[in-house]
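Undergrad: Shown below is the structure under consideration.
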There are 2 protein chains.
Amino acid sequence: MSELPVSIQDVETPCLLVDIDRVKANCRRMRDRCTEMGVELRPHMKTHKTLEGAELMTDGSKRKIVVSTVAEAEFFAGNGYDDIIYASPMVKEKLTKRVQSLASRLADFHLMVDSVVGIDGIIETPLDGDRKWSVFVEIDCNYGRTGCCWDSEDVLTICKKAHEAANIRFQGLYNHCGNTYVPDTDKRSKIQHETVANLMAVKERLAAAGIPCARFGCGSTPSCSKPIQDMSMLTEFHPGNYIFYDYMQVCVGSCSLDDIAVKVAATVISHKPEVGTLVTDCGWLAIGQDGMEREPSDVPLGYTPVVGHPELRVRGMTQEIGKFEGNGVAIDYSKYPLGSRLYLYPFHSCLTAAQHPVYYVHSGDKIIGSWTPIRGW
Amino acid sequence: MSELPVSIQDVETPCLLVDIDRVKANCRRMRDRCTEMGVELRPHMKTHKTLEGAELMTDGSKRKIVVSTVAEAEFFAGNGYDDIIYASPMVKEKLTKRVQSLASRLADFHLMVDSVVGIDGIIETPLDGDRKWSVFVEIDCNYGRTGCCWDSEDVLTICKKAHEAANIRFQGLYNHCGNTYVPDTDKRSKIQHETVANLMAVKERLAAAGIPCARFGCGSTPSCSKPIQDMSMLTEFHPGNYIFYDYMQVCVGSCSLDDIAVKVAATVISHKPEVGTLVTDCGWLAIGQDGMEREPSDVPLGYTPVVGHPELRVRGMTQEIGKFEGNGVAIDYSKYPLGSRLYLYPFHSCLTAAQHPVYYVHSGDKIIGSWTPIRGW
């Protein structure tokens, strides 16, 4: 597809489609929410990994972003972005030339660290000239993935070292509350409340120890899409997925189906009435497998719902093949002739987007451009 | 990593490593097996998608391959390859300019079709000049994914149309026996036996109807890695995964752990003794999620085994984070210091390889080159 297709019906399949109007609405809502709450928005780039998406998420400021890979950091830095958190727990062995170069040439390239060994590694690694490393300390507020436990002794040790080291600017606290991916509102609110309380407790312990902490933020699209009032005590939010949203976010209550801004166009290529399936040319390489392992009750429309066809449900996927069955009903094959088009909402748009070398962008049915993401590490 | 790293210990992580000696051995064994059985080998490119891998799989002939996407077809055609099957059920709507161009410029660019609607679409689509479409008919021998059922009336109708159409060269029958991914040897043998018998039955029905059928092959890495004698009746095999193999192939008995030719290098970036995990920088973006849904008994070492560390087992993955726990024992963190290196065998190398923009190739520990795969559709 070297020329731009005219309409979403013209794209060769499988193909990722970005609904620009939904993207803009999603970005605007998150910005407005942050403004109302008096919290700065530092969007995460990991979902879309494109300049165009970054422009919309930062409202053109090109400042204050989060990235998940060095490749993303280099890509955005090379295109005028600054004030970038590389949000992966740092260890000395990962302070490569590329990372040192980013720290040397950007005004604000922030590392994240969650261990004493990690902060010691940074202290032991000089930068050229008078340059200092900039460091956020990752705090685990009971999500349990990465981060130093909020109530541990290590938190104080790490922050103290970051504060006192001659070659470090200590920025503050970073938290990812991935445990807010829960559909129960009360449960989520409780986790949000605890997360804020625990972050504030760390801040108070730091204050008592004479360690200033200017920034302390949390992120996750569920928590920032449905924030609780306590969260206005934080200085920044850093959600990412909200630019596109996806069916997982619908299932946990972050958004509605109509907010999902990406879908994969697929063509019906085979009818298999003898086994009760219809087959499309979108397999797991184009849609991803996240959500496939869920129980049906978690994902009422199947892990990748077919836009406008709740009567279909995914049965299985292989590399370039997606099999659908009737969702509690028999398939009426006359509704989906061979060669006809279906659109699939991703369960997890961070994964789905990463599978595509180009995204086609549309307004209504009209294709208006394409975005090319950075990939790799 | 613009310069080539010296050793596999020097690569930045996460990174896909290809063991060239194992690749060569895997390719040689499959070639020798086909020679012994008197069956032609038509390797599938979907696992590696590289020129270097294709060179080894075709033993330098650049002929007789299978691809899963138009992008792969164009990539290999543009680099001197010919006699290519595009193995996706064809419908008229997918006979794009790109597909027509491939059919016009290659001596043998074969389509695959599994429906009457599909073959009619090809008949209705003229090619420039005297060019004819070349067509394989996909036969479903009870796997149930795609393909026309071996004992259906449609099989005869489709083959007859392909045989009689003025703009088609009918090549023969194509079968993917994906139902041979079973660990039980007797069960697999039975499926292999049935697959061959059903394909031969189609061939005999065609002969009775006066339709010559020169080629009839089946593929799947399990069936071709452990073929039964009946399979020597076929004219070609078209497995693909065997170039790399993976842990899924170990679990179904196609190979041993020591035959797996790819692994992902990862760095230990966090210790979380409070939840019993250690964390690496290889998440699902770098290793894939296939196999994650399996029961522990299906994947004794977890869906992505750690090379040399059967005492570890994956607990969970997010985009750039992989969490491991003790496999029936408590983790001895002193064995995996922060910053140390682990190597992960993929559960499904077709998926894992597709996640990486470049593969680093090594012999022993020494990096000797890099391969760049084609991606997209």
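The way I read the labels, and the way they are meant: chains A, B, ... in the order of the structure tokens, residue 1 as the first residue of every chain, and ligand 1 as the first ligand shown, with later ones counted on from there.
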As a ChimeraX atom specification, please: the residues near range 157-161 of chain B (cut-off 12 Å, only C-alpha atoms, same-chain neighbours under 2 positions excluded).

TA: /B:112-124,135-139,147-155,163-174,202-203,205-213

Undergrad: Val11 in chain A: which residues within 12 Å, counting only C-alpha atoms, same-chain residues fewer than 2 positions away excluded, as a PyMOL selection string?

TA: (chain A and resi 1-9+13-17+264-267+341-343+358-362+365-367+370) or (chain B and resi 93-94+96+377)

Undergrad: For chain B, work out the contacting residues on chain A at 6 Å, counting only C-alpha atoms, and write them as number ranges by chain.

TA: A: 89, 91, 93, 269, 293, 339, 357, 376

Undergrad: What separation in Å, quoted to one decimal, exists between CA of Gly38 in chain A and CA of Pro227 in chain A?

TA: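 Here the two named atoms are 12.4 Å from each other.
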
Undergrad: At what distance in Å, to one decimal, does CA of Gln100 in chain A lie from CA of Ala77 in chain A?

TA: 13.1 Å

Undergrad: Output as a compact mmCIF listing (two decimals) with C-alpha atoms, in the first residue's frame all residues of range 15-230 of chain B that backbone DSSP marks as strand (DSSP E or B).

TA:
# COMPACT_ATOMS: atom_id res chain seq x y z
CA CYS B 15 17.54 -9.16 22.11
CA LEU B 16 16.84 -12.17 19.92
CA LEU B 17 19.83 -14.46 19.45
CA VAL B 18 20.07 -17.02 16.64
CA ASP B 19 22.44 -19.95 17.15
CA GLU B 40 10.70 -32.53 -2.03
CA LEU B 41 11.16 -29.95 0.72
CA HIS B 44 7.78 -22.15 4.94
CA ARG B 63 13.26 -22.14 -5.18
CA LYS B 64 10.20 -23.81 -3.70
CA ILE B 65 9.12 -21.85 -0.67
CA VAL B 66 5.89 -21.01 1.14
CA VAL B 67 5.01 -17.59 2.56
CA ASP B 82 10.72 -18.13 -7.33
CA ASP B 83 8.19 -20.97 -7.03
CA ILE B 84 6.43 -19.41 -4.06
CA ILE B 85 3.11 -20.53 -2.55
CA TYR B 86 1.17 -17.74 -0.86
CA ALA B 87 -0.57 -20.00 1.62
CA SER B 88 -3.67 -18.07 2.59
CA PRO B 89 -7.15 -18.96 1.29
CA PHE B 109 3.71 -17.71 -7.89
CA HIS B 110 1.04 -20.00 -6.55
CA LEU B 111 -2.21 -19.01 -4.91
CA MET B 112 -4.06 -21.26 -2.51
CA VAL B 113 -7.84 -21.55 -2.57
CA TRP B 133 -2.79 -17.91 -12.28
CA SER B 134 -1.17 -20.90 -10.63
CA VAL B 135 -3.34 -22.53 -7.99
CA PHE B 136 -3.07 -25.08 -5.20
CA VAL B 137 -6.30 -26.24 -3.59
CA GLU B 138 -6.14 -26.36 0.18
CA ILE B 139 -7.47 -29.59 1.63
CA ASP B 140 -8.66 -29.88 5.20
CA CYS B 148 -11.95 -27.53 1.81
CA CYS B 149 -12.97 -30.79 3.55
CA ILE B 168 -5.43 -21.16 -14.34
CA ARG B 169 -2.68 -23.73 -14.01
CA PHE B 170 -3.90 -26.25 -11.44
CA GLN B 171 -0.93 -27.43 -9.43
CA GLY B 172 -2.29 -29.80 -6.88
CA LEU B 173 -3.21 -30.13 -3.23
CA TYR B 174 -1.91 -28.31 -0.19
CA ASN B 175 -2.54 -29.42 3.37
CA HIS B 176 -1.48 -28.03 6.74
CA ARG B 215 1.75 -32.20 -6.47
CA PHE B 216 0.22 -33.02 -3.12
CA GLY B 217 1.99 -32.12 0.06
CA CYS B 218 1.46 -31.56 3.73
CA GLY B 219 3.27 -29.58 6.30

Undergrad: Please identify the helix (DSSP H, G or I) residues within range 231-278 of chain A (assignment by DSSP from backbone atoms) and present them as a VMD selection string.

TA: chain A and resid 231 to 233 241 to 243 247 to 251 257 to 259 273 to 275

Undergrad: Using CA of Leu301 in chain A and CA of Asp21 in chain A as the two end points, give the distance in Å to one decimal.

TA: 24.4 Å

Undergrad: Can you pull out the residues contacting range 180-188 of chain A? Cut-off 10 Å, using only C-alpha atoms, and skip same-chain residues under 5 positions away; I want them as a PyMOL selection string.

TA: chain A and resi 143+193-195+219-224+226-228+248-254+298

Undergrad: Could you name the residues that touch Ile243 in chain B at 9 Å or less, counting only C-alpha atoms, but leaving out those on the same chain fewer than 3 positions away, as a PyMOL selection string?

TA: chain B and resi 22-27+30+47-48+53+56-57+240+260-261

Undergrad: Take the residues from that selection and put them in a file with all heavy atoms, as an mmCIF file, in the first residue's frame.

TA:
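New file part-v1.cif:
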data_model
loop_
_atom_site.group_PDB
_atom_site.id
_atom_site.type_symbol
_atom_site.label_atom_id
_atom_site.label_comp_id
_atom_site.auth_asym_id
_atom_site.auth_seq_id
_atom_site.Cartn_x
_atom_site.Cartn_y
_atom_site.Cartn_z
ATOM 1 N N ARG B 22 23.025 -24.427 15.404
ATOM 2 C CA ARG B 22 21.785 -25.192 15.567
ATOM 3 C C ARG B 22 20.868 -25.008 14.361
ATOM 4 O O ARG B 22 20.215 -25.953 13.910
ATOM 5 C CB ARG B 22 21.063 -24.752 16.852
ATOM 6 C CG ARG B 22 21.820 -25.174 18.114
ATOM 7 C CD ARG B 22 21.022 -24.883 19.371
ATOM 8 N NE ARG B 22 21.776 -25.229 20.581
ATOM 9 C CZ ARG B 22 21.277 -25.194 21.808
ATOM 10 N NH1 ARG B 22 20.017 -24.819 22.008
ATOM 11 N NH2 ARG B 22 22.015 -25.529 22.845
ATOM 12 N N VAL B 23 20.815 -23.786 13.825
ATOM 13 C CA VAL B 23 20.000 -23.550 12.626
ATOM 14 C C VAL B 23 20.471 -24.456 11.490
ATOM 15 O O VAL B 23 19.662 -25.123 10.829
ATOM 16 C CB VAL B 23 20.084 -22.068 12.180
ATOM 17 C CG1 VAL B 23 19.588 -21.896 10.747
ATOM 18 C CG2 VAL B 23 19.279 -21.176 13.121
ATOM 19 N N LYS B 24 21.776 -24.477 11.275
ATOM 20 C CA LYS B 24 22.304 -25.299 10.176
ATOM 21 C C LYS B 24 22.002 -26.779 10.395
ATOM 22 O O LYS B 24 21.625 -27.489 9.455
ATOM 23 C CB LYS B 24 23.819 -25.082 10.036
ATOM 24 C CG LYS B 24 24.172 -23.739 9.408
ATOM 25 C CD LYS B 24 25.680 -23.564 9.296
ATOM 26 C CE LYS B 24 26.017 -22.221 8.647
ATOM 27 N NZ LYS B 24 27.466 -21.907 8.742
ATOM 28 N N ALA B 25 22.142 -27.219 11.623
ATOM 29 C CA ALA B 25 21.858 -28.634 11.921
ATOM 30 C C ALA B 25 20.372 -28.942 11.705
ATOM 31 O O ALA B 25 20.018 -29.977 11.130
ATOM 32 C CB ALA B 25 22.271 -28.967 13.358
ATOM 33 N N ASN B 26 19.505 -28.032 12.141
ATOM 34 C CA ASN B 26 18.057 -28.243 11.958
ATOM 35 C C ASN B 26 17.706 -28.313 10.472
ATOM 36 O O ASN B 26 16.897 -29.149 10.054
ATOM 37 C CB ASN B 26 17.257 -27.122 12.634
ATOM 38 C CG ASN B 26 17.369 -27.150 14.161
ATOM 39 O OD1 ASN B 26 17.740 -28.171 14.741
ATOM 40 N ND2 ASN B 26 17.059 -26.036 14.809
ATOM 41 N N CYS B 27 18.307 -27.410 9.699
ATOM 42 C CA CYS B 27 18.020 -27.386 8.256
ATOM 43 C C CYS B 27 18.543 -28.649 7.575
ATOM 44 O O CYS B 27 17.873 -29.225 6.717
ATOM 45 C CB CYS B 27 18.645 -26.147 7.609
ATOM 46 S SG CYS B 27 17.806 -24.627 8.070
ATOM 47 N N MET B 30 16.383 -31.756 8.294
ATOM 48 C CA MET B 30 15.109 -31.790 7.550
ATOM 49 C C MET B 30 15.364 -32.119 6.084
ATOM 50 O O MET B 30 14.615 -32.893 5.478
ATOM 51 C CB MET B 30 14.371 -30.450 7.698
ATOM 52 C CG MET B 30 12.955 -30.447 7.147
ATOM 53 S SD MET B 30 11.799 -31.631 7.948
ATOM 54 C CE MET B 30 11.399 -30.733 9.470
ATOM 55 N N THR B 47 8.428 -18.248 9.882
ATOM 56 C CA THR B 47 9.039 -18.230 11.210
ATOM 57 C C THR B 47 10.157 -17.202 11.306
ATOM 58 O O THR B 47 10.235 -16.444 12.264
ATOM 59 C CB THR B 47 9.578 -19.634 11.563
ATOM 60 O OG1 THR B 47 8.505 -20.551 11.485
ATOM 61 C CG2 THR B 47 10.196 -19.662 12.958
ATOM 62 N N HIS B 48 11.030 -17.175 10.282
ATOM 63 C CA HIS B 48 12.212 -16.291 10.359
ATOM 64 C C HIS B 48 12.074 -15.057 9.485
ATOM 65 O O HIS B 48 12.542 -13.987 9.851
ATOM 66 C CB HIS B 48 13.461 -17.077 9.949
ATOM 67 C CG HIS B 48 13.376 -17.604 8.557
ATOM 68 N ND1 HIS B 48 13.835 -16.886 7.484
ATOM 69 C CD2 HIS B 48 12.832 -18.750 8.063
ATOM 70 C CE1 HIS B 48 13.586 -17.588 6.376
ATOM 71 N NE2 HIS B 48 12.982 -18.723 6.704
ATOM 72 N N GLY B 53 17.920 -16.953 6.443
ATOM 73 C CA GLY B 53 17.221 -18.181 6.816
ATOM 74 C C GLY B 53 16.723 -18.930 5.581
ATOM 75 O O GLY B 53 16.814 -20.162 5.504
ATOM 76 N N LEU B 56 19.492 -20.879 3.857
ATOM 77 C CA LEU B 56 19.809 -22.141 4.534
ATOM 78 C C LEU B 56 18.695 -23.174 4.346
ATOM 79 O O LEU B 56 18.964 -24.360 4.145
ATOM 80 C CB LEU B 56 20.062 -21.894 6.025
ATOM 81 C CG LEU B 56 21.325 -21.080 6.325
ATOM 82 C CD1 LEU B 56 21.334 -20.610 7.781
ATOM 83 C CD2 LEU B 56 22.579 -21.903 6.017
ATOM 84 N N MET B 57 17.460 -22.734 4.391
ATOM 85 C CA MET B 57 16.347 -23.683 4.262
ATOM 86 C C MET B 57 16.230 -24.242 2.844
ATOM 87 O O MET B 57 15.792 -25.376 2.661
ATOM 88 C CB MET B 57 15.022 -23.019 4.663
ATOM 89 C CG MET B 57 14.882 -22.784 6.163
ATOM 90 S SD MET B 57 13.301 -21.939 6.550
ATOM 91 C CE MET B 57 12.364 -23.258 7.345
ATOM 92 N N GLY B 240 7.922 -25.165 8.536
ATOM 93 C CA GLY B 240 8.622 -23.885 8.631
ATOM 94 C C GLY B 240 9.343 -23.687 9.948
ATOM 95 O O GLY B 240 10.511 -23.306 9.997
ATOM 96 N N ILE B 260 16.697 -26.074 20.061
ATOM 97 C CA ILE B 260 16.105 -24.733 19.918
ATOM 98 C C ILE B 260 17.214 -23.753 19.556
ATOM 99 O O ILE B 260 18.203 -23.620 20.284
ATOM 100 C CB ILE B 260 15.378 -24.280 21.196
ATOM 101 C CG1 ILE B 260 14.288 -25.280 21.594
ATOM 102 C CG2 ILE B 260 14.774 -22.894 20.991
ATOM 103 C CD1 ILE B 260 13.569 -24.932 22.895
ATOM 104 N N ALA B 261 17.055 -23.088 18.416
ATOM 105 C CA ALA B 261 18.129 -22.269 17.863
ATOM 106 C C ALA B 261 17.960 -20.778 18.149
ATOM 107 O O ALA B 261 18.766 -19.969 17.693
ATOM 108 C CB ALA B 261 18.228 -22.503 16.363
#

Undergrad: Could you name the residues that touch Ile374 in chain B at 8 Å or less, counting only C-alpha atoms, but leaving out those on the same chain fewer than 6 positions away, as a list in words?

TA: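 In the requested format, the answer is Lys49, Thr50, Ala71, Glu72 and Phe75 of chain B.
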